[in-house]
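Engineer: What follows is model-v8.pdb, PDB, C-alpha atoms and all ligand atoms.
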```pdb
ATOM      1  CA  MET F   1      -1.123  -2.996  -4.604  1.00  0.00           C
ATOM      2  CA  GLY F   2      -2.268   0.652  -4.431  1.00  0.00           C
ATOM      3  CA  ALA F   3       0.231   2.751  -2.539  1.00  0.00           C
ATOM      4  CA  GLN F   4      -1.013   3.975   0.815  1.00  0.00           C
ATOM      5  CA  THR F   5      -1.553   7.723   0.957  1.00  0.00           C
ATOM      6  CA  TRP F   6      -1.894   9.760   4.136  1.00  0.00           C
ATOM      7  CA  ASN F   7      -4.019  12.709   5.072  1.00  0.00           C
ATOM      8  CA  ALA F   8      -2.713  14.317   8.266  1.00  0.00           C
ATOM      9  CA  ALA F   9      -6.080  15.796   9.287  1.00  0.00           C
ATOM     10  CA  GLN F  10      -7.868  12.440   8.907  1.00  0.00           C
ATOM     11  CA  TYR F  11      -5.019  10.679  10.719  1.00  0.00           C
ATOM     12  CA  ALA F  12      -5.244  13.170  13.602  1.00  0.00           C
ATOM     13  CA  ARG F  13      -8.953  12.312  14.039  1.00  0.00           C
ATOM     14  CA  ILE F  14      -8.794   8.552  13.593  1.00  0.00           C
ATOM     15  CA  GLY F  15      -5.197   7.402  14.097  1.00  0.00           C
ATOM     16  CA  ARG F  16      -4.231   9.384  17.203  1.00  0.00           C
ATOM     17  CA  PHE F  17      -4.376   6.196  19.309  1.00  0.00           C
ATOM     18  CA  VAL F  18      -1.245   4.938  17.480  1.00  0.00           C
ATOM     19  CA  ALA F  19       0.952   7.548  19.190  1.00  0.00           C
ATOM     20  CA  ASP F  20      -1.045   7.359  22.431  1.00  0.00           C
ATOM     21  CA  LEU F  21      -0.133   3.667  22.785  1.00  0.00           C
ATOM     22  CA  ALA F  22       3.597   4.165  22.247  1.00  0.00           C
ATOM     23  CA  SER F  23       4.690   4.954  25.802  1.00  0.00           C
ATOM     24  CA  GLN F  24       6.474   1.613  26.264  1.00  0.00           C
ATOM     25  CA  VAL F  25       8.560   1.935  23.127  1.00  0.00           C
ATOM     26  CA  ILE F  26       9.452   5.523  24.108  1.00  0.00           C
ATOM     27  CA  ASP F  27      10.487   4.184  27.533  1.00  0.00           C
ATOM     28  CA  LEU F  28      12.648   1.559  25.791  1.00  0.00           C
ATOM     29  CA  LEU F  29      14.313   4.342  23.761  1.00  0.00           C
ATOM     30  CA  ASN F  30      14.960   6.299  26.971  1.00  0.00           C
ATOM     31  CA  PRO F  31      15.986   9.533  25.180  1.00  0.00           C
ATOM     32  CA  LYS F  32      18.530  11.667  26.997  1.00  0.00           C
ATOM     33  CA  PRO F  33      19.204  15.403  26.883  1.00  0.00           C
ATOM     34  CA  GLY F  34      21.590  16.372  24.089  1.00  0.00           C
ATOM     35  CA  GLU F  35      21.397  13.074  22.205  1.00  0.00           C
ATOM     36  CA  ARG F  36      20.844  13.216  18.442  1.00  0.00           C
ATOM     37  CA  ILE F  37      17.970  10.907  17.564  1.00  0.00           C
ATOM     38  CA  LEU F  38      16.565   9.976  14.152  1.00  0.00           C
ATOM     39  CA  ASP F  39      12.799   9.250  14.037  1.00  0.00           C
ATOM     40  CA  ILE F  40      12.037   7.159  10.942  1.00  0.00           C
ATOM     41  CA  GLY F  41       8.483   7.423   9.601  1.00  0.00           C
ATOM     42  CA  CYS F  42       7.710  10.171  12.099  1.00  0.00           C
ATOM     43  CA  GLY F  43       4.234  10.899  10.702  1.00  0.00           C
ATOM     44  CA  ASP F  44       2.731  14.077  12.114  1.00  0.00           C
ATOM     45  CA  GLY F  45       5.488  14.308  14.737  1.00  0.00           C
ATOM     46  CA  ALA F  46       3.437  13.418  17.835  1.00  0.00           C
ATOM     47  CA  LEU F  47       6.199  11.142  19.171  1.00  0.00           C
ATOM     48  CA  THR F  48       9.037  13.214  17.689  1.00  0.00           C
ATOM     49  CA  ALA F  49       7.765  16.031  19.919  1.00  0.00           C
ATOM     50  CA  GLN F  50       7.778  13.754  22.980  1.00  0.00           C
ATOM     51  CA  ILE F  51      11.372  12.735  22.282  1.00  0.00           C
ATOM     52  CA  ALA F  52      12.355  16.391  21.808  1.00  0.00           C
ATOM     53  CA  ALA F  53      10.635  17.237  25.102  1.00  0.00           C
ATOM     54  CA  ALA F  54      13.106  14.898  26.835  1.00  0.00           C
ATOM     55  CA  GLY F  55      15.880  17.249  25.672  1.00  0.00           C
ATOM     56  CA  ALA F  56      17.107  15.207  22.676  1.00  0.00           C
ATOM     57  CA  LYS F  57      17.815  16.842  19.309  1.00  0.00           C
ATOM     58  CA  VAL F  58      15.478  14.918  17.042  1.00  0.00           C
ATOM     59  CA  THR F  59      15.372  14.751  13.264  1.00  0.00           C
ATOM     60  CA  GLY F  60      12.225  13.211  11.816  1.00  0.00           C
ATOM     61  CA  VAL F  61      11.816  11.789   8.328  1.00  0.00           C
ATOM     62  CA  ASP F  62       8.618  10.744   6.591  1.00  0.00           C
ATOM     63  CA  SER F  63       7.701  10.150   2.955  1.00  0.00           C
ATOM     64  CA  SER F  64       4.243  11.760   3.197  1.00  0.00           C
ATOM     65  CA  PRO F  65       4.114  15.480   2.318  1.00  0.00           C
ATOM     66  CA  SER F  66       0.875  15.881   4.310  1.00  0.00           C
ATOM     67  CA  MET F  67       2.391  14.330   7.452  1.00  0.00           C
ATOM     68  CA  VAL F  68       5.646  16.305   7.111  1.00  0.00           C
ATOM     69  CA  ALA F  69       3.684  19.560   6.813  1.00  0.00           C
ATOM     70  CA  ALA F  70       1.744  18.673   9.995  1.00  0.00           C
ATOM     71  CA  ALA F  71       4.974  17.818  11.856  1.00  0.00           C
ATOM     72  CA  GLN F  72       6.629  21.053  10.758  1.00  0.00           C
ATOM     73  CA  LEU F  73       3.752  22.988  12.329  1.00  0.00           C
ATOM     74  CA  ARG F  74       5.061  21.644  15.650  1.00  0.00           C
ATOM     75  CA  LYS F  75       8.381  23.425  14.919  1.00  0.00           C
ATOM     76  CA  LEU F  76      10.274  20.139  14.659  1.00  0.00           C
ATOM     77  CA  ASP F  77      13.236  19.347  12.387  1.00  0.00           C
ATOM     78  CA  VAL F  78      11.374  17.088   9.958  1.00  0.00           C
ATOM     79  CA  ARG F  79      12.232  16.310   6.341  1.00  0.00           C
ATOM     80  CA  GLN F  80      10.323  14.614   3.577  1.00  0.00           C
ATOM     81  CA  LEU F  81      12.428  11.522   3.001  1.00  0.00           C
ATOM     82  CA  SER F  82      11.567   7.861   2.606  1.00  0.00           C
ATOM     83  CA  GLY F  83      13.075   5.454   5.137  1.00  0.00           C
ATOM     84  CA  GLU F  84      14.292   3.450   2.130  1.00  0.00           C
ATOM     85  CA  VAL F  85      16.729   6.146   0.956  1.00  0.00           C
ATOM     86  CA  LEU F  86      18.219   7.544   4.167  1.00  0.00           C
ATOM     87  CA  ASP F  87      21.379   9.540   3.464  1.00  0.00           C
ATOM     88  CA  PHE F  88      22.796  10.185   6.957  1.00  0.00           C
ATOM     89  CA  ASP F  89      26.349   9.291   7.852  1.00  0.00           C
ATOM     90  CA  HIS F  90      27.215   7.906  11.327  1.00  0.00           C
ATOM     91  CA  GLU F  91      25.797  10.956  13.088  1.00  0.00           C
ATOM     92  CA  PHE F  92      23.003   9.781  15.418  1.00  0.00           C
ATOM     93  CA  ASP F  93      23.146   8.400  18.978  1.00  0.00           C
ATOM     94  CA  ALA F  94      19.874   6.533  18.474  1.00  0.00           C
ATOM     95  CA  ALA F  95      17.255   5.699  15.862  1.00  0.00           C
ATOM     96  CA  PHE F  96      13.573   5.298  16.665  1.00  0.00           C
ATOM     97  CA  SER F  97      10.531   4.158  14.739  1.00  0.00           C
ATOM     98  CA  ASN F  98       6.928   3.488  15.730  1.00  0.00           C
ATOM     99  CA  ALA F  99       4.262   1.875  13.514  1.00  0.00           C
ATOM    100  CA  ALA F 100       6.118   2.814  10.340  1.00  0.00           C
ATOM    101  CA  LEU F 101       8.657   0.144   9.336  1.00  0.00           C
ATOM    102  CA  HIS F 102       5.901  -2.254   8.205  1.00  0.00           C
ATOM    103  CA  TRP F 103       4.927   0.202   5.420  1.00  0.00           C
ATOM    104  CA  MET F 104       8.409   0.148   3.877  1.00  0.00           C
ATOM    105  CA  HIS F 105       8.943  -2.286   1.009  1.00  0.00           C
ATOM    106  CA  ASN F 106      12.707  -2.585   0.804  1.00  0.00           C
ATOM    107  CA  GLN F 107      13.616  -3.606   4.353  1.00  0.00           C
ATOM    108  CA  ASP F 108      17.271  -4.207   3.463  1.00  0.00           C
ATOM    109  CA  ALA F 109      17.599  -0.645   2.154  1.00  0.00           C
ATOM    110  CA  VAL F 110      15.887   0.637   5.319  1.00  0.00           C
ATOM    111  CA  LEU F 111      18.178  -1.253   7.689  1.00  0.00           C
ATOM    112  CA  SER F 112      21.342  -0.357   5.731  1.00  0.00           C
ATOM    113  CA  GLY F 113      20.340   3.318   5.849  1.00  0.00           C
ATOM    114  CA  ILE F 114      19.597   3.212   9.578  1.00  0.00           C
ATOM    115  CA  HIS F 115      22.855   1.416  10.351  1.00  0.00           C
ATOM    116  CA  ARG F 116      24.778   3.976   8.267  1.00  0.00           C
ATOM    117  CA  ALA F 117      23.005   6.837  10.076  1.00  0.00           C
ATOM    118  CA  LEU F 118      24.097   5.585  13.509  1.00  0.00           C
ATOM    119  CA  LYS F 119      27.381   5.991  15.381  1.00  0.00           C
ATOM    120  CA  PRO F 120      28.948   2.665  16.476  1.00  0.00           C
ATOM    121  CA  GLY F 121      27.301   1.613  19.746  1.00  0.00           C
ATOM    122  CA  ALA F 122      24.141   3.643  19.034  1.00  0.00           C
ATOM    123  CA  ARG F 123      20.681   2.243  19.803  1.00  0.00           C
ATOM    124  CA  PHE F 124      17.946   1.309  17.359  1.00  0.00           C
ATOM    125  CA  VAL F 125      14.588   1.029  19.112  1.00  0.00           C
ATOM    126  CA  ALA F 126      11.403   0.332  17.188  1.00  0.00           C
ATOM    127  CA  GLU F 127       7.922  -1.101  17.224  1.00  0.00           C
ATOM    128  CA  MET F 128       6.154  -2.312  14.094  1.00  0.00           C
ATOM    129  CA  GLY F 129       3.476  -4.777  13.082  1.00  0.00           C
ATOM    130  CA  GLY F 130       4.598  -8.342  13.756  1.00  0.00           C
ATOM    131  CA  HIS F 131       3.573 -11.721  12.337  1.00  0.00           C
ATOM    132  CA  GLY F 132      -0.208 -12.202  12.673  1.00  0.00           C
ATOM    133  CA  ASN F 133      -0.889  -8.465  12.804  1.00  0.00           C
ATOM    134  CA  ILE F 134      -4.438  -7.502  11.684  1.00  0.00           C
ATOM    135  CA  ALA F 135      -4.967 -11.117  10.564  1.00  0.00           C
ATOM    136  CA  ALA F 136      -8.782 -10.983  10.643  1.00  0.00           C
ATOM    137  CA  ILE F 137      -8.809  -7.713   8.694  1.00  0.00           C
ATOM    138  CA  GLN F 138      -6.471  -9.131   6.050  1.00  0.00           C
ATOM    139  CA  VAL F 139      -8.674 -12.207   5.575  1.00  0.00           C
ATOM    140  CA  ALA F 140     -11.833 -10.093   5.222  1.00  0.00           C
ATOM    141  CA  LEU F 141     -10.134  -7.815   2.687  1.00  0.00           C
ATOM    142  CA  VAL F 142      -8.898 -10.788   0.659  1.00  0.00           C
ATOM    143  CA  ALA F 143     -12.457 -12.148   0.511  1.00  0.00           C
ATOM    144  CA  VAL F 144     -14.030  -8.823  -0.496  1.00  0.00           C
ATOM    145  CA  PHE F 145     -11.404  -7.762  -3.043  1.00  0.00           C
ATOM    146  CA  ALA F 146     -11.244 -11.206  -4.705  1.00  0.00           C
ATOM    147  CA  LYS F 147     -14.707 -10.414  -6.090  1.00  0.00           C
ATOM    148  CA  HIS F 148     -13.174  -7.393  -7.832  1.00  0.00           C
ATOM    149  CA  GLY F 149     -10.232  -9.421  -9.187  1.00  0.00           C
ATOM    150  CA  ILE F 150      -7.824  -7.748  -6.736  1.00  0.00           C
ATOM    151  CA  ASP F 151      -5.540  -9.661  -4.363  1.00  0.00           C
ATOM    152  CA  ALA F 152      -5.692  -7.513  -1.236  1.00  0.00           C
ATOM    153  CA  VAL F 153      -2.605  -8.947   0.424  1.00  0.00           C
ATOM    154  CA  GLN F 154      -0.374 -10.589  -2.193  1.00  0.00           C
ATOM    155  CA  GLY F 155       2.515  -8.339  -3.115  1.00  0.00           C
ATOM    156  CA  GLY F 156       2.169  -6.905   0.356  1.00  0.00           C
ATOM    157  CA  GLN F 157       1.135  -3.435   1.353  1.00  0.00           C
ATOM    158  CA  ASN F 158       2.633  -4.296   4.731  1.00  0.00           C
ATOM    159  CA  TYR F 159       5.434  -6.482   6.050  1.00  0.00           C
ATOM    160  CA  PHE F 160       4.759  -8.189   9.391  1.00  0.00           C
ATOM    161  CA  PRO F 161       7.798 -10.353  10.256  1.00  0.00           C
ATOM    162  CA  THR F 162       8.280 -12.921  12.992  1.00  0.00           C
ATOM    163  CA  SER F 163      10.782 -12.050  15.709  1.00  0.00           C
ATOM    164  CA  ALA F 164      13.152 -14.771  14.400  1.00  0.00           C
ATOM    165  CA  SER F 165      13.188 -13.406  10.883  1.00  0.00           C
ATOM    166  CA  TYR F 166      13.624  -9.759  11.912  1.00  0.00           C
ATOM    167  CA  ASP F 167      16.306 -10.722  14.431  1.00  0.00           C
ATOM    168  CA  SER F 168      18.298 -12.377  11.589  1.00  0.00           C
ATOM    169  CA  ARG F 169      17.754  -9.418   9.306  1.00  0.00           C
ATOM    170  CA  LEU F 170      18.962  -6.952  11.937  1.00  0.00           C
ATOM    171  CA  ARG F 171      22.079  -9.063  12.569  1.00  0.00           C
ATOM    172  CA  ARG F 172      22.795  -9.273   8.817  1.00  0.00           C
ATOM    173  CA  HIS F 173      22.816  -5.474   8.787  1.00  0.00           C
ATOM    174  CA  GLY F 174      25.361  -5.148  11.597  1.00  0.00           C
ATOM    175  CA  PHE F 175      23.118  -4.863  14.652  1.00  0.00           C
ATOM    176  CA  ASP F 176      23.524  -6.703  17.929  1.00  0.00           C
ATOM    177  CA  VAL F 177      19.951  -7.547  18.998  1.00  0.00           C
ATOM    178  CA  LYS F 178      19.535  -7.044  22.766  1.00  0.00           C
ATOM    179  CA  TYR F 179      15.781  -7.565  22.940  1.00  0.00           C
ATOM    180  CA  ILE F 180      13.088  -8.541  20.454  1.00  0.00           C
ATOM    181  CA  GLU F 181       9.558  -9.647  21.239  1.00  0.00           C
ATOM    182  CA  ILE F 182       6.191 -10.269  19.593  1.00  0.00           C
ATOM    183  CA  ILE F 183       3.437  -8.647  21.670  1.00  0.00           C
ATOM    184  CA  PRO F 184      -0.252  -9.262  20.893  1.00  0.00           C
ATOM    185  CA  ARG F 185      -2.018  -5.963  21.582  1.00  0.00           C
ATOM    186  CA  PRO F 186      -5.761  -5.969  20.820  1.00  0.00           C
ATOM    187  CA  THR F 187      -6.614  -2.279  20.544  1.00  0.00           C
ATOM    188  CA  LEU F 188      -9.976  -0.628  21.149  1.00  0.00           C
ATOM    189  CA  LEU F 189     -10.797   1.764  18.320  1.00  0.00           C
ATOM    190  CA  PRO F 190     -12.238   5.253  18.756  1.00  0.00           C
ATOM    191  CA  GLU F 191     -15.882   6.050  17.854  1.00  0.00           C
ATOM    192  CA  SER F 192     -15.111   5.986  14.109  1.00  0.00           C
ATOM    193  CA  GLY F 193     -14.830   2.192  14.461  1.00  0.00           C
ATOM    194  CA  MET F 194     -13.785  -0.244  11.748  1.00  0.00           C
ATOM    195  CA  ARG F 195     -15.085   1.912   8.906  1.00  0.00           C
ATOM    196  CA  GLY F 196     -12.869   4.798  10.013  1.00  0.00           C
ATOM    197  CA  TRP F 197      -9.899   2.445  10.390  1.00  0.00           C
ATOM    198  CA  LEU F 198     -10.364   1.008   6.891  1.00  0.00           C
ATOM    199  CA  LYS F 199     -10.788   4.454   5.335  1.00  0.00           C
ATOM    200  CA  THR F 200      -7.592   5.676   7.013  1.00  0.00           C
ATOM    201  CA  PHE F 201      -5.284   2.662   6.901  1.00  0.00           C
ATOM    202  CA  ARG F 202      -6.516   0.871   3.764  1.00  0.00           C
ATOM    203  CA  ARG F 203      -7.222   3.980   1.742  1.00  0.00           C
ATOM    204  CA  GLY F 204      -4.731   2.974  -0.984  1.00  0.00           C
ATOM    205  CA  LEU F 205      -6.520  -0.357  -1.423  1.00  0.00           C
ATOM    206  CA  PHE F 206     -10.080   1.037  -1.534  1.00  0.00           C
ATOM    207  CA  ASP F 207      -8.917   3.740  -3.959  1.00  0.00           C
ATOM    208  CA  ARG F 208      -8.202   0.952  -6.450  1.00  0.00           C
ATOM    209  CA  LEU F 209     -11.938   0.381  -6.807  1.00  0.00           C
ATOM    210  CA  PRO F 210     -14.106   2.607  -9.016  1.00  0.00           C
ATOM    211  CA  GLU F 211     -15.650   5.247  -6.763  1.00  0.00           C
ATOM    212  CA  PHE F 212     -19.183   3.857  -7.134  1.00  0.00           C
ATOM    213  CA  GLU F 213     -18.084   0.470  -5.694  1.00  0.00           C
ATOM    214  CA  ARG F 214     -16.155   1.715  -2.653  1.00  0.00           C
ATOM    215  CA  GLU F 215     -18.966   2.194  -0.133  1.00  0.00           C
ATOM    216  CA  ALA F 216     -20.422  -1.266  -0.801  1.00  0.00           C
ATOM    217  CA  ALA F 217     -16.963  -2.852  -0.440  1.00  0.00           C
ATOM    218  CA  LEU F 218     -16.458  -1.004   2.864  1.00  0.00           C
ATOM    219  CA  ASP F 219     -19.885  -2.162   4.091  1.00  0.00           C
ATOM    220  CA  GLU F 220     -19.133  -5.759   3.175  1.00  0.00           C
ATOM    221  CA  THR F 221     -15.715  -5.734   4.882  1.00  0.00           C
ATOM    222  CA  VAL F 222     -17.213  -4.270   8.057  1.00  0.00           C
ATOM    223  CA  ARG F 223     -20.005  -6.893   7.998  1.00  0.00           C
ATOM    224  CA  LEU F 224     -17.520  -9.755   7.652  1.00  0.00           C
ATOM    225  CA  LEU F 225     -15.425  -8.454  10.545  1.00  0.00           C
ATOM    226  CA  GLU F 226     -18.274  -7.794  12.933  1.00  0.00           C
ATOM    227  CA  PRO F 227     -18.445 -11.276  14.530  1.00  0.00           C
ATOM    228  CA  ALA F 228     -14.684 -11.294  15.197  1.00  0.00           C
ATOM    229  CA  LEU F 229     -13.855  -7.719  16.165  1.00  0.00           C
ATOM    230  CA  CYS F 230     -17.035  -5.962  17.333  1.00  0.00           C
ATOM    231  CA  ASP F 231     -18.532  -6.526  20.794  1.00  0.00           C
ATOM    232  CA  ASP F 232     -22.213  -6.514  21.776  1.00  0.00           C
ATOM    233  CA  ARG F 233     -22.056  -2.768  22.518  1.00  0.00           C
ATOM    234  CA  GLY F 234     -20.750  -1.913  19.048  1.00  0.00           C
ATOM    235  CA  HIS F 235     -17.155  -1.317  20.181  1.00  0.00           C
ATOM    236  CA  TRP F 236     -14.462  -2.380  17.724  1.00  0.00           C
ATOM    237  CA  THR F 237     -11.099  -3.884  18.674  1.00  0.00           C
ATOM    238  CA  VAL F 238      -8.313  -4.296  16.111  1.00  0.00           C
ATOM    239  CA  ASP F 239      -6.222  -7.461  16.301  1.00  0.00           C
ATOM    240  CA  TYR F 240      -2.844  -5.735  16.455  1.00  0.00           C
ATOM    241  CA  VAL F 241       0.353  -7.725  17.071  1.00  0.00           C
ATOM    242  CA  ARG F 242       3.487  -5.667  17.725  1.00  0.00           C
ATOM    243  CA  LEU F 243       7.128  -6.538  17.125  1.00  0.00           C
ATOM    244  CA  ARG F 244       9.257  -4.470  19.510  1.00  0.00           C
ATOM    245  CA  PHE F 245      13.046  -4.484  19.648  1.00  0.00           C
ATOM    246  CA  LEU F 246      16.223  -2.847  20.886  1.00  0.00           C
ATOM    247  CA  ALA F 247      19.375  -3.352  18.832  1.00  0.00           C
ATOM    248  CA  ILE F 248      22.846  -1.819  18.980  1.00  0.00           C
ATOM    249  CA  ALA F 249      24.801  -0.744  15.904  1.00  0.00           C
ATOM    250  CA  LYS F 250      28.171  -2.541  15.803  1.00  0.00           C
TER     251      LYS F 250
HETATM  252  C1  LIG N 301      -0.105  -1.220  12.429  1.00  0.00           C
HETATM  253  O1  LIG N 301       0.203  -0.223  13.103  1.00  0.00           O
HETATM  254  O2  LIG N 301       0.214  -2.344  12.759  1.00  0.00           O
HETATM  255  C2  LIG N 301      -0.891  -1.053  11.191  1.00  0.00           C
HETATM  256  C3  LIG N 301      -1.775  -0.020  11.074  1.00  0.00           C
HETATM  257  C4  LIG N 301      -2.486   0.108   9.912  1.00  0.00           C
HETATM  258  C5  LIG N 301      -2.342  -0.777   8.877  1.00  0.00           C
HETATM  259  C6  LIG N 301      -1.452  -1.812   9.000  1.00  0.00           C
HETATM  260  C7  LIG N 301      -0.737  -1.963  10.166  1.00  0.00           C
END
```
How would this structure read if it were set down as structure tokens?
Ligand code: BEZ

Structural biologist:
Amino acid sequence: MGAQTWNAAQYARIGRFVADLASQVIDLLNPKPGERILDIGCGDGALTAQIAAAGAKVTGVDSSPSMVAAAQLRKLDVRQLSGEVLDFDHEFDAAFSNAALHWMHNQDAVLSGIHRALKPGARFVAEMGGHGNIAAIQVALVAVFAKHGIDAVQGGQNYFPTSASYDSRLRRHGFDVKYIEIIPRPTLLPESGMRGWLKTFRRGLFDRLPEFEREAALDETVRLLEPALCDDRGHWTVDYVRLRFLAIAK
């Protein structure tokens, strides 16, 4: 599977809705003045800045150089670091992550690193893609990329667990799970529609095709998805399913 790459400027135009829809997970975090909070997969820092505005001392980490550069422009403490190799030592009062954990391949390394980063009793609050997330999009991509001899999903660009399986995984890593829920959240896309979404969030996959085949593959994917995700006014809705949780480090 081609690794996903991020372009902060493109993300700011097309993916801004991701941070705009995060108010409930920020409420669940309930950041307090003076707390040290780790934001894993902080992207361009839109939510890191909101957490900092509540008076918390936030450190953001993200593996994308483009996203880290954009976050640093906001004058935030953000480092280029993958969530799979966190090297913090029992220093944070809370950890937070929105729409990022599902991009990380080694979930056990991620959860060990987060647990190690937290003080005993600290909170871990996150939202990620859950089981069934973007199901229609995945099926369309499998159909289109099969013609190019590429399995669009096997080997997994993303990990979308059920609440039962992530609950067990969190407990195995020393967390007490207080709340975990799958939340279907169909999401209306901005003007850029499905084409913009695919070019932003499946860029790594389309980049695996020779350049001359990419536009036709995009057209075909959009055509396949139209009956399921586009309404009679041309508005696109993505079939997002969220997994949201609050766990306490033991
Ligand atoms: C998500 O936030 O669920 C997501 C976004 C883009 C690609 C895959 C998942």

Engineer: Using only C-alpha atoms, can you tell me which of F:Glu213, F:Asp207, F:Asp20, F:Asp77 comes closest to Cys42 in chain F?

Structural biologist: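 Once distances to Cys42 in chain F are computed over only C-alpha atoms, the minimum belongs to F:Asp77.
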
Engineer: Counting only C-alpha atoms and all ligand atoms, give me one row per residue of chain F with an atom at most 9 Å from an atom of ligand LIG 301 (chain N), showing the shortest contact pair and its distance in Å to one decimal, sorted by chain then residue number, as a tab-separated table.

Structural biologist:
```
residue	atom	partner	partner_atom	distance
F:Gly15	CA	N:LIG301	C3	8.7
F:Val18	CA	N:LIG301	O1	6.9
F:Asn98	CA	N:LIG301	O1	8.1
F:Ala99	CA	N:LIG301	O1	4.6
F:Ala100	CA	N:LIG301	O1	7.2
F:His102	CA	N:LIG301	C7	6.9
F:Trp103	CA	N:LIG301	C6	7.6
F:Glu127	CA	N:LIG301	O1	8.8
F:Met128	CA	N:LIG301	O2	6.1
F:Gly129	CA	N:LIG301	O2	4.1
F:Gly130	CA	N:LIG301	O2	7.5
F:Asn133	CA	N:LIG301	O2	6.2
F:Ile134	CA	N:LIG301	C7	6.8
F:Gln157	CA	N:LIG301	C6	8.2
F:Asn158	CA	N:LIG301	C6	6.4
F:Tyr159	CA	N:LIG301	C7	8.7
F:Phe160	CA	N:LIG301	O2	8.1
F:Trp197	CA	N:LIG301	C4	7.8
F:Leu198	CA	N:LIG301	C5	8.5
F:Thr200	CA	N:LIG301	C4	8.1
F:Phe201	CA	N:LIG301	C4	4.8
F:Arg202	CA	N:LIG301	C5	6.8
F:Asp239	CA	N:LIG301	O2	9.0
F:Tyr240	CA	N:LIG301	O2	5.9
F:Val241	CA	N:LIG301	O2	6.9
F:Arg242	CA	N:LIG301	O2	6.8
```

Engineer: Could those selected residues go to a file with C-alpha atoms, as a PDB file, in the frame of the given file?

Structural biologist:
```pdb
ATOM      1  CA  GLY F  15      -5.197   7.402  14.097  1.00  0.00           C
ATOM      2  CA  VAL F  18      -1.245   4.938  17.480  1.00  0.00           C
ATOM      3  CA  ASN F  98       6.928   3.488  15.730  1.00  0.00           C
ATOM      4  CA  ALA F  99       4.262   1.875  13.514  1.00  0.00           C
ATOM      5  CA  ALA F 100       6.118   2.814  10.340  1.00  0.00           C
ATOM      6  CA  HIS F 102       5.901  -2.254   8.205  1.00  0.00           C
ATOM      7  CA  TRP F 103       4.927   0.202   5.420  1.00  0.00           C
ATOM      8  CA  GLU F 127       7.922  -1.101  17.224  1.00  0.00           C
ATOM      9  CA  MET F 128       6.154  -2.312  14.094  1.00  0.00           C
ATOM     10  CA  GLY F 129       3.476  -4.777  13.082  1.00  0.00           C
ATOM     11  CA  GLY F 130       4.598  -8.342  13.756  1.00  0.00           C
ATOM     12  CA  ASN F 133      -0.889  -8.465  12.804  1.00  0.00           C
ATOM     13  CA  ILE F 134      -4.438  -7.502  11.684  1.00  0.00           C
ATOM     14  CA  GLN F 157       1.135  -3.435   1.353  1.00  0.00           C
ATOM     15  CA  ASN F 158       2.633  -4.296   4.731  1.00  0.00           C
ATOM     16  CA  TYR F 159       5.434  -6.482   6.050  1.00  0.00           C
ATOM     17  CA  PHE F 160       4.759  -8.189   9.391  1.00  0.00           C
ATOM     18  CA  TRP F 197      -9.899   2.445  10.390  1.00  0.00           C
ATOM     19  CA  LEU F 198     -10.364   1.008   6.891  1.00  0.00           C
ATOM     20  CA  THR F 200      -7.592   5.676   7.013  1.00  0.00           C
ATOM     21  CA  PHE F 201      -5.284   2.662   6.901  1.00  0.00           C
ATOM     22  CA  ARG F 202      -6.516   0.871   3.764  1.00  0.00           C
ATOM     23  CA  ASP F 239      -6.222  -7.461  16.301  1.00  0.00           C
ATOM     24  CA  TYR F 240      -2.844  -5.735  16.455  1.00  0.00           C
ATOM     25  CA  VAL F 241       0.353  -7.725  17.071  1.00  0.00           C
ATOM     26  CA  ARG F 242       3.487  -5.667  17.725  1.00  0.00           C
TER      27      ARG F 242
END
```

Engineer: Can you measure CA of Leu189 in chain F to CA of Arg13 in chain F for me? One decimal in Å is fine.

Structural biologist: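 Going from CA of Leu189 in chain F over to CA of Arg13 in chain F covers 11.5 Å.
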
Engineer: For the structure provided, state which residues fall under the PyMOL selection byres (((chain F and resi 62) around 7) and not hetatm), and present them as a list in words.

Structural biologist: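 On the file shown, the PyMOL selection byres (((chain F and resi 62) around 7) and not hetatm) covers Ile40, Gly41, Cys42, Gly43, Gly60, Val61, Ser63, Ser64, Val68, Arg79, Gln80, Leu81 and Ser82 of chain F.
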
Engineer: Can you tell me which residues surround Ala70 in chain F at a distance of at most 9 Å, considering all atoms listed in the file, apart from same-chain residues fewer than 5 positions away, and format the answer as a PyMOL selection string?

Structural biologist: chain F and resi 8-9+43-45+65

Engineer: Using only C-alpha atoms, can you tell me which of F:Val139, F:Glu35, F:Ala46, F:Phe124 comes closest to Gln72 in chain F?

Structural biologist: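 Closest candidate: F:Ala46.
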
Engineer: Between CA of Leu218 in chain F and CA of Arg195 in chain F, what is the spacing in Å?

Structural biologist: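 Interatomic distance here is 6.8 Å.
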
Engineer: Which one of F:Ala216, F:Leu111, F:Leu141, F:Leu225 sits closest to Gly174 in chain F if you count only C-alpha atoms?

Structural biologist: F:Leu111
